[in-house]
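Colleague: Contents of protein-v4.cif (mmCIF, N, CA and C atoms):
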```cif
data_run
#
loop_
_atom_site.label_atom_id
_atom_site.label_comp_id
_atom_site.auth_asym_id
_atom_site.auth_seq_id
_atom_site.Cartn_x
_atom_site.Cartn_y
_atom_site.Cartn_z
N MET A 1456 -12.65 -47.05 -29.32
CA MET A 1456 -12.11 -47.66 -28.13
C MET A 1456 -10.98 -46.78 -27.60
N ILE A 1457 -10.98 -46.56 -26.30
CA ILE A 1457 -9.95 -45.78 -25.65
C ILE A 1457 -8.99 -46.74 -24.98
N ARG A 1458 -7.72 -46.55 -25.15
CA ARG A 1458 -6.73 -47.45 -24.55
C ARG A 1458 -5.84 -46.65 -23.62
N PHE A 1459 -5.66 -47.15 -22.42
CA PHE A 1459 -4.83 -46.50 -21.43
C PHE A 1459 -3.46 -47.16 -21.38
N ALA A 1460 -2.49 -46.42 -20.93
CA ALA A 1460 -1.13 -46.94 -20.81
C ALA A 1460 -1.04 -47.92 -19.65
N ILE A 1461 0.03 -48.67 -19.62
CA ILE A 1461 0.29 -49.58 -18.51
C ILE A 1461 0.85 -48.76 -17.35
N PHE A 1462 0.29 -48.99 -16.18
CA PHE A 1462 0.72 -48.28 -14.99
C PHE A 1462 1.48 -49.24 -14.08
N TYR A 1463 2.53 -48.75 -13.46
CA TYR A 1463 3.27 -49.53 -12.47
C TYR A 1463 3.19 -48.77 -11.15
N LEU A 1464 2.28 -49.17 -10.31
CA LEU A 1464 2.07 -48.51 -9.04
C LEU A 1464 2.15 -49.56 -7.95
N SER A 1465 2.87 -49.26 -6.91
CA SER A 1465 3.00 -50.18 -5.80
C SER A 1465 3.47 -51.52 -6.34
N LEU A 1466 2.78 -52.58 -6.00
CA LEU A 1466 3.17 -53.90 -6.48
C LEU A 1466 2.26 -54.42 -7.57
N PHE A 1467 1.35 -53.58 -8.04
CA PHE A 1467 0.44 -53.96 -9.12
C PHE A 1467 0.96 -53.43 -10.45
N ALA A 1468 0.72 -54.16 -11.47
CA ALA A 1468 0.90 -53.65 -12.83
C ALA A 1468 -0.42 -53.98 -13.53
N PHE A 1469 -0.96 -53.01 -14.25
CA PHE A 1469 -2.22 -53.29 -14.91
C PHE A 1469 -2.36 -52.54 -16.21
N ASN A 1470 -3.15 -53.13 -17.08
CA ASN A 1470 -3.44 -52.56 -18.38
C ASN A 1470 -4.95 -52.45 -18.45
N ILE A 1471 -5.47 -51.25 -18.72
CA ILE A 1471 -6.91 -51.03 -18.72
C ILE A 1471 -7.35 -50.55 -20.09
N THR A 1472 -8.47 -51.10 -20.55
CA THR A 1472 -9.08 -50.70 -21.81
C THR A 1472 -10.52 -50.30 -21.57
N CYS A 1473 -10.97 -49.23 -22.21
CA CYS A 1473 -12.37 -48.80 -22.12
C CYS A 1473 -13.02 -48.93 -23.48
N ALA A 1474 -14.28 -49.37 -23.47
CA ALA A 1474 -15.05 -49.44 -24.71
C ALA A 1474 -16.50 -49.16 -24.38
N GLN A 1475 -17.19 -48.44 -25.24
CA GLN A 1475 -18.60 -48.14 -25.01
C GLN A 1475 -19.44 -49.33 -25.49
N THR A 1476 -20.40 -49.74 -24.65
CA THR A 1476 -21.25 -50.87 -24.98
C THR A 1476 -22.50 -50.39 -25.71
N ASN A 1477 -23.31 -51.34 -26.17
CA ASN A 1477 -24.56 -51.01 -26.86
C ASN A 1477 -25.57 -50.33 -25.95
N THR A 1478 -25.45 -50.53 -24.65
CA THR A 1478 -26.39 -49.94 -23.69
C THR A 1478 -25.99 -48.54 -23.26
N GLY A 1479 -24.92 -48.00 -23.82
CA GLY A 1479 -24.47 -46.66 -23.47
C GLY A 1479 -23.52 -46.64 -22.29
N GLN A 1480 -23.31 -47.80 -21.67
CA GLN A 1480 -22.36 -47.87 -20.58
C GLN A 1480 -20.96 -48.04 -21.14
N ILE A 1481 -19.99 -47.80 -20.29
CA ILE A 1481 -18.59 -47.94 -20.69
C ILE A 1481 -18.03 -49.15 -19.97
N GLU A 1482 -17.47 -50.07 -20.74
CA GLU A 1482 -16.90 -51.28 -20.16
C GLU A 1482 -15.41 -51.06 -19.92
N LEU A 1483 -15.02 -51.16 -18.67
CA LEU A 1483 -13.63 -51.03 -18.25
C LEU A 1483 -13.09 -52.43 -18.05
N LYS A 1484 -12.09 -52.82 -18.83
CA LYS A 1484 -11.53 -54.17 -18.75
C LYS A 1484 -10.04 -54.07 -18.50
N GLY A 1485 -9.49 -55.06 -17.84
CA GLY A 1485 -8.06 -55.05 -17.61
C GLY A 1485 -7.54 -56.37 -17.08
N VAL A 1486 -6.22 -56.41 -16.91
CA VAL A 1486 -5.52 -57.56 -16.36
C VAL A 1486 -4.60 -57.05 -15.27
N LEU A 1487 -4.63 -57.68 -14.11
CA LEU A 1487 -3.77 -57.30 -13.00
C LEU A 1487 -2.71 -58.36 -12.79
N VAL A 1488 -1.45 -57.93 -12.73
CA VAL A 1488 -0.34 -58.85 -12.50
C VAL A 1488 0.58 -58.28 -11.44
N ASP A 1489 1.33 -59.16 -10.79
CA ASP A 1489 2.33 -58.73 -9.82
C ASP A 1489 3.45 -58.01 -10.57
N GLU A 1490 3.85 -56.87 -10.06
CA GLU A 1490 4.86 -56.06 -10.75
C GLU A 1490 6.21 -56.77 -10.82
N LYS A 1491 6.55 -57.54 -9.82
CA LYS A 1491 7.88 -58.17 -9.78
C LYS A 1491 7.98 -59.42 -10.64
N ASP A 1492 7.05 -60.35 -10.47
CA ASP A 1492 7.20 -61.61 -11.21
C ASP A 1492 6.17 -61.81 -12.32
N ARG A 1493 5.30 -60.80 -12.54
CA ARG A 1493 4.33 -60.78 -13.64
C ARG A 1493 3.29 -61.91 -13.58
N THR A 1494 3.09 -62.50 -12.41
CA THR A 1494 2.05 -63.53 -12.27
C THR A 1494 0.69 -62.86 -12.13
N PRO A 1495 -0.36 -63.47 -12.68
CA PRO A 1495 -1.70 -62.89 -12.57
C PRO A 1495 -2.15 -62.81 -11.11
N LEU A 1496 -2.87 -61.75 -10.78
CA LEU A 1496 -3.39 -61.56 -9.43
C LEU A 1496 -4.89 -61.84 -9.42
N SER A 1497 -5.26 -62.91 -8.76
CA SER A 1497 -6.67 -63.27 -8.67
C SER A 1497 -7.30 -62.67 -7.41
N TYR A 1498 -8.60 -62.53 -7.45
CA TYR A 1498 -9.39 -62.04 -6.32
C TYR A 1498 -8.99 -60.65 -5.84
N VAL A 1499 -8.63 -59.79 -6.78
CA VAL A 1499 -8.33 -58.39 -6.48
C VAL A 1499 -9.64 -57.61 -6.56
N ASN A 1500 -9.90 -56.76 -5.58
CA ASN A 1500 -11.10 -55.91 -5.59
C ASN A 1500 -10.83 -54.68 -6.44
N ILE A 1501 -11.70 -54.42 -7.40
CA ILE A 1501 -11.60 -53.24 -8.26
C ILE A 1501 -12.95 -52.54 -8.19
N GLY A 1502 -12.95 -51.27 -7.81
CA GLY A 1502 -14.21 -50.57 -7.70
C GLY A 1502 -14.06 -49.07 -7.78
N VAL A 1503 -15.16 -48.40 -8.00
CA VAL A 1503 -15.20 -46.94 -8.02
C VAL A 1503 -15.30 -46.49 -6.57
N LEU A 1504 -14.38 -45.64 -6.16
CA LEU A 1504 -14.30 -45.17 -4.78
C LEU A 1504 -15.61 -44.50 -4.35
N ASN A 1505 -16.12 -44.90 -3.19
CA ASN A 1505 -17.34 -44.36 -2.58
C ASN A 1505 -18.60 -44.60 -3.41
N LYS A 1506 -18.58 -45.58 -4.28
CA LYS A 1506 -19.76 -45.96 -5.08
C LYS A 1506 -19.94 -47.47 -4.92
N SER A 1507 -21.10 -47.96 -5.29
CA SER A 1507 -21.37 -49.40 -5.19
C SER A 1507 -21.05 -50.13 -6.50
N LEU A 1508 -20.09 -49.62 -7.24
CA LEU A 1508 -19.64 -50.26 -8.49
C LEU A 1508 -18.34 -50.99 -8.19
N ILE A 1509 -18.40 -52.32 -8.14
CA ILE A 1509 -17.23 -53.10 -7.75
C ILE A 1509 -17.23 -54.44 -8.48
N THR A 1510 -16.04 -54.98 -8.69
CA THR A 1510 -15.87 -56.30 -9.27
C THR A 1510 -14.62 -56.93 -8.68
N ILE A 1511 -14.38 -58.18 -9.02
CA ILE A 1511 -13.21 -58.91 -8.53
C ILE A 1511 -12.53 -59.56 -9.73
N SER A 1512 -11.20 -59.55 -9.73
CA SER A 1512 -10.47 -60.19 -10.84
C SER A 1512 -10.60 -61.71 -10.72
N ASN A 1513 -10.55 -62.37 -11.89
CA ASN A 1513 -10.65 -63.83 -11.90
C ASN A 1513 -9.28 -64.47 -11.67
N THR A 1514 -9.18 -65.77 -11.85
CA THR A 1514 -7.93 -66.47 -11.56
C THR A 1514 -6.80 -66.13 -12.52
N THR A 1515 -7.12 -65.52 -13.66
CA THR A 1515 -6.07 -65.09 -14.59
C THR A 1515 -5.80 -63.59 -14.48
N GLY A 1516 -6.35 -62.94 -13.44
CA GLY A 1516 -6.12 -61.52 -13.20
C GLY A 1516 -7.01 -60.59 -14.02
N ARG A 1517 -7.91 -61.14 -14.82
CA ARG A 1517 -8.77 -60.33 -15.68
C ARG A 1517 -10.00 -59.83 -14.92
N PHE A 1518 -10.43 -58.62 -15.29
CA PHE A 1518 -11.65 -58.06 -14.70
C PHE A 1518 -12.38 -57.22 -15.72
N SER A 1519 -13.65 -56.98 -15.45
CA SER A 1519 -14.49 -56.14 -16.29
C SER A 1519 -15.45 -55.41 -15.38
N LEU A 1520 -15.64 -54.11 -15.64
CA LEU A 1520 -16.52 -53.28 -14.81
C LEU A 1520 -17.28 -52.33 -15.73
N ASN A 1521 -18.62 -52.36 -15.65
CA ASN A 1521 -19.44 -51.47 -16.47
C ASN A 1521 -19.70 -50.17 -15.72
N LEU A 1522 -19.36 -49.06 -16.37
CA LEU A 1522 -19.50 -47.73 -15.78
C LEU A 1522 -20.43 -46.87 -16.61
N LYS A 1523 -20.95 -45.85 -15.97
CA LYS A 1523 -21.69 -44.82 -16.70
C LYS A 1523 -20.70 -43.71 -17.03
N GLU A 1524 -21.04 -42.89 -17.99
CA GLU A 1524 -20.15 -41.81 -18.42
C GLU A 1524 -19.82 -40.87 -17.25
N GLU A 1525 -20.75 -40.69 -16.34
CA GLU A 1525 -20.52 -39.81 -15.18
C GLU A 1525 -19.45 -40.35 -14.24
N ASN A 1526 -19.14 -41.65 -14.33
CA ASN A 1526 -18.11 -42.24 -13.48
C ASN A 1526 -16.69 -42.05 -14.01
N LEU A 1527 -16.54 -41.51 -15.20
CA LEU A 1527 -15.21 -41.35 -15.79
C LEU A 1527 -14.33 -40.36 -15.05
N THR A 1528 -14.92 -39.50 -14.23
CA THR A 1528 -14.13 -38.55 -13.45
C THR A 1528 -13.89 -39.05 -12.03
N ASP A 1529 -14.38 -40.23 -11.69
CA ASP A 1529 -14.21 -40.81 -10.36
C ASP A 1529 -12.86 -41.50 -10.22
N LYS A 1530 -12.55 -41.89 -8.98
CA LYS A 1530 -11.33 -42.65 -8.72
C LYS A 1530 -11.64 -44.14 -8.65
N LEU A 1531 -10.72 -44.91 -9.18
CA LEU A 1531 -10.79 -46.35 -9.14
C LEU A 1531 -9.90 -46.83 -7.99
N GLN A 1532 -10.41 -47.73 -7.16
CA GLN A 1532 -9.61 -48.28 -6.07
C GLN A 1532 -9.34 -49.75 -6.36
N ILE A 1533 -8.06 -50.14 -6.27
CA ILE A 1533 -7.64 -51.51 -6.54
C ILE A 1533 -6.96 -52.01 -5.28
N SER A 1534 -7.47 -53.12 -4.72
CA SER A 1534 -6.90 -53.61 -3.47
C SER A 1534 -6.93 -55.13 -3.39
N ARG A 1535 -5.95 -55.65 -2.67
CA ARG A 1535 -5.85 -57.09 -2.41
C ARG A 1535 -5.04 -57.27 -1.14
N ILE A 1536 -5.38 -58.29 -0.36
CA ILE A 1536 -4.64 -58.56 0.86
C ILE A 1536 -3.18 -58.84 0.51
N GLY A 1537 -2.27 -58.22 1.24
CA GLY A 1537 -0.84 -58.40 1.00
C GLY A 1537 -0.24 -57.39 0.04
N TYR A 1538 -1.07 -56.51 -0.53
CA TYR A 1538 -0.60 -55.49 -1.47
C TYR A 1538 -1.09 -54.12 -1.00
N HIS A 1539 -0.38 -53.09 -1.41
CA HIS A 1539 -0.81 -51.72 -1.10
C HIS A 1539 -2.03 -51.40 -1.96
N THR A 1540 -2.98 -50.68 -1.37
CA THR A 1540 -4.16 -50.24 -2.11
C THR A 1540 -3.77 -49.09 -3.04
N ILE A 1541 -4.29 -49.13 -4.26
CA ILE A 1541 -4.00 -48.11 -5.26
C ILE A 1541 -5.28 -47.36 -5.57
N LYS A 1542 -5.18 -46.05 -5.70
CA LYS A 1542 -6.31 -45.22 -6.12
C LYS A 1542 -5.85 -44.39 -7.31
N VAL A 1543 -6.55 -44.55 -8.44
CA VAL A 1543 -6.22 -43.82 -9.66
C VAL A 1543 -7.51 -43.29 -10.28
N PHE A 1544 -7.42 -42.20 -11.01
CA PHE A 1544 -8.60 -41.69 -11.73
C PHE A 1544 -8.95 -42.64 -12.85
N VAL A 1545 -10.23 -42.84 -13.09
CA VAL A 1545 -10.71 -43.72 -14.15
C VAL A 1545 -10.21 -43.23 -15.50
N ASN A 1546 -10.35 -41.93 -15.77
CA ASN A 1546 -9.91 -41.43 -17.06
C ASN A 1546 -8.46 -41.16 -16.99
#
```
Taking this structure as input, can you express it in the form of structure tokens?

Modeller:
Amino acid sequence: MIRFAIFYLSLFAFNITCAQTNTGQIELKGVLVDEKDRTPLSYVNIGVLNKSLITISNTTGRFSLNLKEENLTDKLQISRIGYHTIKVFVN
């Protein structure tokens, strides 16, 4: 399992974990919270930039996205109304 550090960008704070599944895909999981008051952010769009790989965080800010190994060099875009959009590399 690969574990990424916590990032504080814009008004989002998130913790992302990657794990390889039995199907050979990589599961990207995380929790999105407001940077100031640490409340979970629901209905945040999380996706691979310029690809049709996208998911939405649930009411507790949790999300999961299955990626292929070739997507590890792509950028992840995180956006929600009222917040600045963030773009970060998956790896």

Colleague: Going by the chain IDs and residue numbers used in this file, which residues fall under the PyMOL selection byres ((chain A and resi 1517) around 8)? Write them as a CSV table (one decimal) with N, CA and C atoms, in the frame of the given file.

Modeller:
```
chain,number,residue,atom,x,y,z
A,1484,LYS,N,-12.1,-52.8,-18.8
A,1484,LYS,CA,-11.5,-54.2,-18.8
A,1484,LYS,C,-10.0,-54.1,-18.5
A,1485,GLY,N,-9.5,-55.1,-17.8
A,1485,GLY,CA,-8.1,-55.0,-17.6
A,1485,GLY,C,-7.5,-56.4,-17.1
A,1486,VAL,N,-6.2,-56.4,-16.9
A,1486,VAL,CA,-5.5,-57.6,-16.4
A,1486,VAL,C,-4.6,-57.0,-15.3
A,1487,LEU,N,-4.6,-57.7,-14.1
A,1487,LEU,CA,-3.8,-57.3,-13.0
A,1487,LEU,C,-2.7,-58.4,-12.8
A,1488,VAL,N,-1.4,-57.9,-12.7
A,1488,VAL,CA,-0.3,-58.8,-12.5
A,1488,VAL,C,0.6,-58.3,-11.4
A,1495,PRO,N,-0.4,-63.5,-12.7
A,1495,PRO,CA,-1.7,-62.9,-12.6
A,1495,PRO,C,-2.2,-62.8,-11.1
A,1496,LEU,N,-2.9,-61.8,-10.8
A,1496,LEU,CA,-3.4,-61.6,-9.4
A,1496,LEU,C,-4.9,-61.8,-9.4
A,1497,SER,N,-5.3,-62.9,-8.8
A,1497,SER,CA,-6.7,-63.3,-8.7
A,1497,SER,C,-7.3,-62.7,-7.4
A,1498,TYR,N,-8.6,-62.5,-7.4
A,1498,TYR,CA,-9.4,-62.0,-6.3
A,1498,TYR,C,-9.0,-60.6,-5.8
A,1511,ILE,N,-14.4,-58.2,-9.0
A,1511,ILE,CA,-13.2,-58.9,-8.5
A,1511,ILE,C,-12.5,-59.6,-9.7
A,1512,SER,N,-11.2,-59.6,-9.7
A,1512,SER,CA,-10.5,-60.2,-10.8
A,1512,SER,C,-10.6,-61.7,-10.7
A,1513,ASN,N,-10.6,-62.4,-11.9
A,1513,ASN,CA,-10.6,-63.8,-11.9
A,1513,ASN,C,-9.3,-64.5,-11.7
A,1514,THR,N,-9.2,-65.8,-11.8
A,1514,THR,CA,-7.9,-66.5,-11.6
A,1514,THR,C,-6.8,-66.1,-12.5
A,1515,THR,N,-7.1,-65.5,-13.7
A,1515,THR,CA,-6.1,-65.1,-14.6
A,1515,THR,C,-5.8,-63.6,-14.5
A,1516,GLY,N,-6.4,-62.9,-13.4
A,1516,GLY,CA,-6.1,-61.5,-13.2
A,1516,GLY,C,-7.0,-60.6,-14.0
A,1518,PHE,N,-10.4,-58.6,-15.3
A,1518,PHE,CA,-11.6,-58.1,-14.7
A,1518,PHE,C,-12.4,-57.2,-15.7
A,1519,SER,N,-13.6,-57.0,-15.4
A,1519,SER,CA,-14.5,-56.1,-16.3
A,1519,SER,C,-15.4,-55.4,-15.4
```

Colleague: Apply the PyMOL selection byres ((chain A and resi 1502-1506) around 6.5) to the displayed file and report the matching residues as a ChimeraX atom specification.

Modeller: /A:1500-1501,1507-1510,1529-1533

Colleague: Tell me, in Å to one decimal, how far CA of Asn1521 (chain A) is from CA of Ile1481 (chain A).

Modeller: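 Taking CA of Asn1521 (chain A) and CA of Ile1481 (chain A), their separation equals 5.6 Å.
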
Colleague: Could you check how far CA of Gly1537 (chain A) sits from atom N of Leu1522 (chain A), in Å to one decimal?

Modeller: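 Straight-line distance from CA of Gly1537 (chain A) to atom N of Leu1522 (chain A) works out to 27.1 Å.
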
Colleague: What's the separation between atom N of Val1545 (chain A) and atom C of Thr1528 (chain A), in Å to one decimal place?

Modeller: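 A separation of 5.4 Å between them.
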
Colleague: As AutoDock Vina command-line options, what would the box around region 1496-1510 of chain A look like: edges along x, y and z, 3 Å added on every side, centre and edge lengths in Å to one decimal?

Modeller:
```
--center_x -12.1 --center_y -53.8 --center_z -6.7 --size_x 24.5 --size_y 24.9 --size_z 14.2
```
